[in-house]
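Q: Just my_file-v2.txt, nothing more (compact mmCIF, N, CA and C atoms):
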```
# COMPACT_ATOMS: atom_id res chain seq x y z
N MET S 1 89.31 63.80 137.34
CA MET S 1 88.21 62.87 137.22
C MET S 1 88.75 61.44 137.18
N ILE S 2 87.92 60.56 137.64
CA ILE S 2 88.28 59.14 137.61
C ILE S 2 88.19 58.60 136.19
N ASN S 3 88.89 57.51 135.92
CA ASN S 3 88.83 56.87 134.60
C ASN S 3 87.70 55.86 134.52
N SER S 4 87.32 55.29 135.66
CA SER S 4 86.29 54.27 135.71
C SER S 4 85.53 54.41 137.02
N VAL S 5 84.21 54.16 136.98
CA VAL S 5 83.42 54.27 138.21
C VAL S 5 83.89 53.26 139.25
N ASN S 6 84.54 52.18 138.82
CA ASN S 6 85.03 51.19 139.77
C ASN S 6 86.17 51.73 140.64
N GLU S 7 86.75 52.86 140.26
CA GLU S 7 87.79 53.51 141.05
C GLU S 7 87.21 54.37 142.17
N LEU S 8 85.91 54.64 142.12
CA LEU S 8 85.29 55.50 143.13
C LEU S 8 85.42 54.90 144.52
N LEU S 9 85.77 55.74 145.47
CA LEU S 9 85.87 55.30 146.86
C LEU S 9 84.48 55.14 147.45
N PRO S 10 84.30 54.19 148.36
CA PRO S 10 82.98 53.99 148.98
C PRO S 10 82.60 55.15 149.91
N ILE S 11 81.30 55.31 150.09
CA ILE S 11 80.77 56.27 151.06
C ILE S 11 81.34 55.89 152.43
N GLY S 12 81.69 56.91 153.20
CA GLY S 12 82.25 56.67 154.53
C GLY S 12 83.76 56.66 154.56
N THR S 13 84.39 56.70 153.39
CA THR S 13 85.85 56.74 153.32
C THR S 13 86.33 58.08 153.89
N VAL S 14 87.38 58.03 154.70
CA VAL S 14 87.96 59.25 155.28
C VAL S 14 89.28 59.52 154.57
N VAL S 15 89.40 60.74 154.04
CA VAL S 15 90.57 61.11 153.24
C VAL S 15 91.16 62.43 153.70
N LYS S 16 92.36 62.70 153.23
CA LYS S 16 92.97 64.03 153.36
C LYS S 16 93.19 64.51 151.94
N LEU S 17 92.82 65.76 151.69
CA LEU S 17 93.03 66.36 150.38
C LEU S 17 94.36 67.12 150.36
N LYS S 18 94.92 67.26 149.18
CA LYS S 18 96.22 67.93 149.04
C LYS S 18 96.19 69.37 149.55
N LYS S 19 95.09 70.07 149.33
CA LYS S 19 95.02 71.50 149.69
C LYS S 19 94.20 71.77 150.94
N GLU S 20 93.93 70.74 151.73
CA GLU S 20 93.14 70.90 152.96
C GLU S 20 93.90 70.30 154.14
N ASP S 21 93.80 70.93 155.29
CA ASP S 21 94.41 70.38 156.49
C ASP S 21 93.47 69.41 157.20
N LYS S 22 92.19 69.60 156.99
CA LYS S 22 91.15 68.83 157.68
C LYS S 22 90.86 67.53 156.95
N LYS S 23 90.60 66.46 157.71
CA LYS S 23 90.15 65.21 157.09
C LYS S 23 88.73 65.41 156.58
N ILE S 24 88.40 64.65 155.52
CA ILE S 24 87.09 64.73 154.89
C ILE S 24 86.51 63.33 154.81
N VAL S 25 85.21 63.19 155.14
CA VAL S 25 84.53 61.91 154.98
C VAL S 25 83.67 61.98 153.71
N VAL S 26 83.83 60.99 152.84
CA VAL S 26 83.09 60.94 151.58
C VAL S 26 81.63 60.65 151.87
N MET S 27 80.74 61.52 151.37
CA MET S 27 79.31 61.38 151.60
C MET S 27 78.52 61.25 150.31
N GLY S 28 79.18 61.41 149.17
CA GLY S 28 78.49 61.29 147.89
C GLY S 28 79.50 61.14 146.77
N VAL S 29 79.07 60.53 145.68
CA VAL S 29 79.93 60.35 144.51
C VAL S 29 79.23 60.90 143.27
N MET S 30 80.02 61.25 142.27
CA MET S 30 79.52 61.77 141.00
C MET S 30 78.55 62.94 141.24
N GLN S 31 79.06 63.98 141.83
CA GLN S 31 78.26 65.13 142.21
C GLN S 31 78.31 66.22 141.15
N ASN S 32 77.13 66.60 140.65
CA ASN S 32 77.01 67.66 139.66
C ASN S 32 76.74 68.96 140.39
N MET S 33 77.69 69.89 140.32
CA MET S 33 77.55 71.16 141.03
C MET S 33 77.43 72.29 140.01
N ARG S 34 76.50 73.20 140.27
CA ARG S 34 76.26 74.34 139.40
C ARG S 34 76.88 75.59 140.00
N ASP S 35 77.53 76.35 139.12
CA ASP S 35 78.08 77.65 139.50
C ASP S 35 77.52 78.66 138.50
N GLY S 36 76.37 79.19 138.82
CA GLY S 36 75.69 80.08 137.89
C GLY S 36 75.16 79.28 136.72
N VAL S 37 75.67 79.54 135.52
CA VAL S 37 75.21 78.86 134.32
C VAL S 37 75.98 77.55 134.09
N LYS S 38 77.26 77.54 134.46
CA LYS S 38 78.10 76.36 134.24
C LYS S 38 77.86 75.30 135.30
N SER S 39 78.05 74.04 134.90
CA SER S 39 77.99 72.96 135.88
C SER S 39 79.22 72.07 135.68
N LYS S 40 79.64 71.41 136.75
CA LYS S 40 80.81 70.53 136.71
C LYS S 40 80.48 69.28 137.48
N LEU S 41 80.94 68.16 136.94
CA LEU S 41 80.76 66.87 137.60
C LEU S 41 82.01 66.56 138.41
N TYR S 42 81.85 66.42 139.71
CA TYR S 42 82.95 66.08 140.60
C TYR S 42 82.86 64.60 140.98
N ASP S 43 84.00 64.00 141.27
CA ASP S 43 84.02 62.61 141.70
C ASP S 43 83.34 62.43 143.06
N TYR S 44 83.54 63.38 143.97
CA TYR S 44 83.08 63.21 145.35
C TYR S 44 82.51 64.48 145.95
N MET S 45 81.66 64.28 146.96
CA MET S 45 81.23 65.34 147.87
C MET S 45 81.52 64.81 149.25
N GLY S 46 82.09 65.66 150.09
CA GLY S 46 82.42 65.22 151.43
C GLY S 46 82.12 66.28 152.47
N LEU S 47 82.30 65.88 153.71
CA LEU S 47 82.08 66.76 154.85
C LEU S 47 83.29 66.67 155.77
N PRO S 48 83.53 67.73 156.56
CA PRO S 48 84.68 67.68 157.46
C PRO S 48 84.53 66.57 158.50
N TYR S 49 85.63 65.92 158.79
CA TYR S 49 85.65 64.86 159.80
C TYR S 49 86.37 65.40 161.03
N PRO S 50 85.85 65.24 162.22
CA PRO S 50 84.71 64.43 162.64
C PRO S 50 83.39 65.20 162.74
N GLU S 51 83.37 66.47 162.39
CA GLU S 51 82.19 67.31 162.60
C GLU S 51 80.99 66.88 161.77
N GLY S 52 81.23 66.54 160.50
CA GLY S 52 80.13 66.22 159.61
C GLY S 52 79.43 67.47 159.14
N PHE S 53 78.14 67.34 158.80
CA PHE S 53 77.38 68.46 158.25
C PHE S 53 77.15 69.53 159.31
N ILE S 54 77.60 70.75 158.99
CA ILE S 54 77.37 71.90 159.86
C ILE S 54 76.38 72.83 159.17
N ASN S 55 76.64 73.13 157.91
CA ASN S 55 75.74 73.91 157.06
C ASN S 55 76.15 73.65 155.61
N ASN S 56 75.45 74.25 154.65
CA ASN S 56 75.75 73.98 153.24
C ASN S 56 77.17 74.35 152.86
N GLU S 57 77.75 75.33 153.53
CA GLU S 57 79.13 75.74 153.23
C GLU S 57 80.16 74.72 153.71
N SER S 58 79.75 73.78 154.55
CA SER S 58 80.71 72.78 155.04
C SER S 58 80.95 71.67 154.02
N ARG S 59 80.12 71.61 152.98
CA ARG S 59 80.30 70.59 151.93
C ARG S 59 81.55 70.91 151.11
N VAL S 60 82.26 69.86 150.74
CA VAL S 60 83.47 69.99 149.92
C VAL S 60 83.31 69.07 148.72
N VAL S 61 83.53 69.59 147.51
CA VAL S 61 83.52 68.75 146.32
C VAL S 61 84.95 68.62 145.83
N PHE S 62 85.29 67.42 145.34
CA PHE S 62 86.67 67.19 144.92
C PHE S 62 86.73 66.01 143.97
N ASP S 63 87.86 65.90 143.30
CA ASP S 63 88.11 64.82 142.35
C ASP S 63 89.21 63.90 142.86
N GLN S 64 89.34 62.76 142.21
CA GLN S 64 90.31 61.74 142.60
C GLN S 64 91.72 62.33 142.71
N GLU S 65 92.09 63.20 141.76
CA GLU S 65 93.44 63.75 141.77
C GLU S 65 93.72 64.70 142.93
N ASP S 66 92.67 65.12 143.64
CA ASP S 66 92.84 66.00 144.80
C ASP S 66 93.22 65.23 146.06
N LEU S 67 93.12 63.89 146.02
CA LEU S 67 93.40 63.06 147.19
C LEU S 67 94.88 63.03 147.52
N ASP S 68 95.18 63.15 148.81
CA ASP S 68 96.55 63.04 149.28
C ASP S 68 96.76 61.72 150.03
N LYS S 69 95.76 61.36 150.88
CA LYS S 69 95.90 60.17 151.72
C LYS S 69 94.52 59.60 152.04
N ILE S 70 94.43 58.27 152.13
CA ILE S 70 93.20 57.60 152.56
C ILE S 70 93.46 57.05 153.96
N TYR S 71 92.65 57.51 154.93
CA TYR S 71 92.78 57.05 156.32
C TYR S 71 91.94 55.81 156.60
N PHE S 72 90.75 55.78 155.98
CA PHE S 72 89.80 54.70 156.24
C PHE S 72 88.97 54.47 154.99
N LEU S 73 88.82 53.22 154.60
CA LEU S 73 88.02 52.87 153.43
C LEU S 73 86.61 52.51 153.87
N GLY S 74 85.61 53.17 153.28
CA GLY S 74 84.21 52.96 153.65
C GLY S 74 83.68 51.59 153.26
N PHE S 75 82.42 51.38 153.56
CA PHE S 75 81.73 50.10 153.37
C PHE S 75 81.41 49.84 151.90
N SER S 76 81.59 48.59 151.47
CA SER S 76 81.27 48.21 150.11
C SER S 76 80.63 46.82 150.12
N ASP S 77 79.56 46.67 149.36
CA ASP S 77 78.89 45.37 149.26
C ASP S 77 78.28 45.23 147.86
N ILE S 78 77.43 44.23 147.66
CA ILE S 78 76.81 43.97 146.36
C ILE S 78 75.92 45.13 145.92
N GLU S 79 75.27 45.80 146.87
CA GLU S 79 74.42 46.96 146.54
C GLU S 79 75.26 48.07 145.91
N ARG S 80 76.42 48.29 146.49
CA ARG S 80 77.32 49.32 145.96
C ARG S 80 77.79 48.93 144.56
N GLN S 81 78.09 47.67 144.33
CA GLN S 81 78.53 47.22 143.01
C GLN S 81 77.43 47.46 141.97
N GLN S 82 76.18 47.20 142.34
CA GLN S 82 75.06 47.45 141.43
C GLN S 82 74.92 48.95 141.15
N PHE S 83 75.10 49.76 142.18
CA PHE S 83 75.06 51.21 142.05
C PHE S 83 76.12 51.68 141.06
N LEU S 84 77.34 51.16 141.19
CA LEU S 84 78.43 51.53 140.28
C LEU S 84 78.13 51.11 138.85
N THR S 85 77.51 49.93 138.68
CA THR S 85 77.11 49.47 137.35
C THR S 85 76.08 50.43 136.76
N ASN S 86 75.11 50.85 137.55
CA ASN S 86 74.08 51.78 137.08
C ASN S 86 74.69 53.13 136.69
N ILE S 87 75.63 53.63 137.50
CA ILE S 87 76.30 54.90 137.17
C ILE S 87 77.06 54.76 135.86
N SER S 88 77.74 53.65 135.68
CA SER S 88 78.52 53.41 134.48
C SER S 88 77.63 53.44 133.24
N ILE S 89 76.49 52.79 133.30
CA ILE S 89 75.53 52.78 132.19
C ILE S 89 75.02 54.19 131.91
N MET S 90 74.68 54.91 132.97
CA MET S 90 74.17 56.26 132.83
C MET S 90 75.22 57.19 132.20
N LEU S 91 76.48 57.08 132.64
CA LEU S 91 77.54 57.92 132.09
C LEU S 91 77.81 57.59 130.62
N GLU S 92 77.74 56.32 130.29
CA GLU S 92 77.94 55.90 128.90
C GLU S 92 76.88 56.53 127.99
N LYS S 93 75.63 56.52 128.43
CA LYS S 93 74.55 57.12 127.66
C LYS S 93 74.75 58.64 127.53
N LEU S 94 75.20 59.25 128.60
CA LEU S 94 75.45 60.70 128.60
C LEU S 94 76.55 61.05 127.61
N VAL S 95 77.63 60.29 127.61
CA VAL S 95 78.73 60.51 126.68
C VAL S 95 78.27 60.32 125.24
N GLN S 96 77.48 59.27 125.00
CA GLN S 96 76.98 59.01 123.65
C GLN S 96 76.10 60.16 123.16
N SER S 97 75.26 60.69 124.03
CA SER S 97 74.38 61.79 123.61
C SER S 97 75.17 63.06 123.35
N HIS S 98 76.27 63.28 124.08
CA HIS S 98 77.11 64.46 123.83
C HIS S 98 77.96 64.31 122.58
N ASN S 99 78.27 63.09 122.20
CA ASN S 99 79.10 62.84 121.03
C ASN S 99 78.29 62.69 119.75
N LYS S 100 76.98 62.67 119.88
CA LYS S 100 76.10 62.51 118.73
C LYS S 100 76.18 63.77 117.86
N PRO S 101 76.38 63.59 116.53
CA PRO S 101 76.41 64.77 115.64
C PRO S 101 75.10 65.54 115.70
N LYS S 102 75.18 66.84 115.52
CA LYS S 102 74.01 67.71 115.59
C LYS S 102 72.93 67.31 114.58
N GLU S 103 73.32 66.80 113.40
CA GLU S 103 72.35 66.39 112.38
C GLU S 103 71.44 65.27 112.90
N GLU S 104 72.05 64.29 113.59
CA GLU S 104 71.26 63.17 114.13
C GLU S 104 70.25 63.67 115.12
N GLU S 105 70.66 64.62 115.99
CA GLU S 105 69.74 65.16 116.99
C GLU S 105 68.56 65.84 116.30
N THR S 106 68.83 66.59 115.21
CA THR S 106 67.78 67.29 114.48
C THR S 106 66.85 66.29 113.83
N ASN S 107 67.40 65.26 113.20
CA ASN S 107 66.57 64.24 112.52
C ASN S 107 65.72 63.48 113.49
N GLU S 108 66.23 63.19 114.67
CA GLU S 108 65.47 62.44 115.66
C GLU S 108 64.30 63.24 116.20
N SER S 109 64.43 64.56 116.26
CA SER S 109 63.37 65.37 116.82
C SER S 109 62.26 65.66 115.81
N GLU S 110 62.48 65.31 114.55
CA GLU S 110 61.45 65.57 113.51
C GLU S 110 60.37 64.53 113.53
```
Represent the supplied structure as structure tokens.
A:
Amino acid sequence: MINSVNELLPIGTVVKLKKEDKKIVVMGVMQNMRDGVKSKLYDYMGLPYPEGFINNESRVVFDQEDLDKIYFLGFSDIERQQFLTNISIMLEKLVQSHNKPKEEETNESE
């Protein structure tokens, strides 16, 4: 996982993963994937390059530490910076709610 949302690569970035031979184009960030009951937050969702979306099985989820090489850095502008700020605020609230003692949660619901 990334340490800061500002480390997230922009959409359109083309990368090679350590355990993949195929290049991947980043198509989403901060992806929550469910596997039955458990869910995991991944840094990225991507598609094979140059094919793109073929079917749902062509999607690849991965984290920053899975990156081997960056071939092309995607587009970034002020809109993206605002998006990253919004994600940061949302993640901070999520962390705070998970770190809240159980007693506080019970008292708030009364």
Q: Using all atoms listed in the file, which residue out of S:Leu91, S:Met33, S:Met45, S:Ile78 lies closest to S:Phe62?
A: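 Of S:Leu91, S:Met33, S:Met45, S:Ile78, the one nearest S:Phe62, counting all atoms listed in the file, is S:Met45.
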Q: Report as a list in words all protein, DNA and RNA residues lying within 5 Å of stretch 38-44 of chain S, evaluated on all atoms listed in the file, omitting residues in the same chain fewer than 4 positions from it.
A: Gly28, Val29, Met30, Gln31, Asn32, Met33, Arg34, Val61, Phe62 and Asp63 of chain S
Q: Name the residues in contact with S:Val5 at a cut-off of 7 Å, using all atoms listed in the file, excluding same-chain residues fewer than 5 positions from it; report them as a list in words.
A: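 Once the nearby chain positions are removed, what remains is Leu84, Ile87 and Ser88 of chain S.
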Q: Mind giving me the straight-line distance from atom CA of S:Arg59 to atom C of S:Met27 in Å, one decimal?
A: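 Interatomic distance here is 9.6 Å.
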Q: Which neighbours of S:Lys23 fall inside 5 Å, counting all atoms listed in the file, when residues of the same chain fewer than 3 positions from it are skipped, and could you give them as a count of residues only?
A: 4
Q: For S:Ile11, which of S:Gly74, S:Asn86, S:Val60, S:Gln81 is the closest residue, counting all atoms listed in the file?
A: S:Gly74
Q: For atom CA of S:Val14 and atom CA of S:Ile70, quote the distance in Å rounded to one decimal.
A: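 It comes out at 6.1 Å.
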Q: Can you work out the spacing between atom CA of S:Lys22 and atom C of S:Asn56 in Å, to one decimal?
A: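 So the two atoms, atom CA of S:Lys22 and atom C of S:Asn56, lie 15.8 Å apart.
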Q: Hey, which of S:Gly46, S:Glu57, S:Arg80, S:Gln64 ends up closest to S:Pro10? Count only C-alpha atoms.
A: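 So, comparing all the options, the nearest one is S:Arg80.
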Q: I need the residues of chain S that end up classed as strand (DSSP E or B) by DSSP on the backbone, written out as a PyMOL selection string.
A: chain S and resi 14-17+23-35+38-48+60-62+67-72
Q: What's around S:Asp66 at 8 Å? Count all atoms listed in the file, leave out sequence neighbours fewer than 4 positions away in its own chain, and write the answer as a ChimeraX atom specification.
A: /S:1,16-20,62
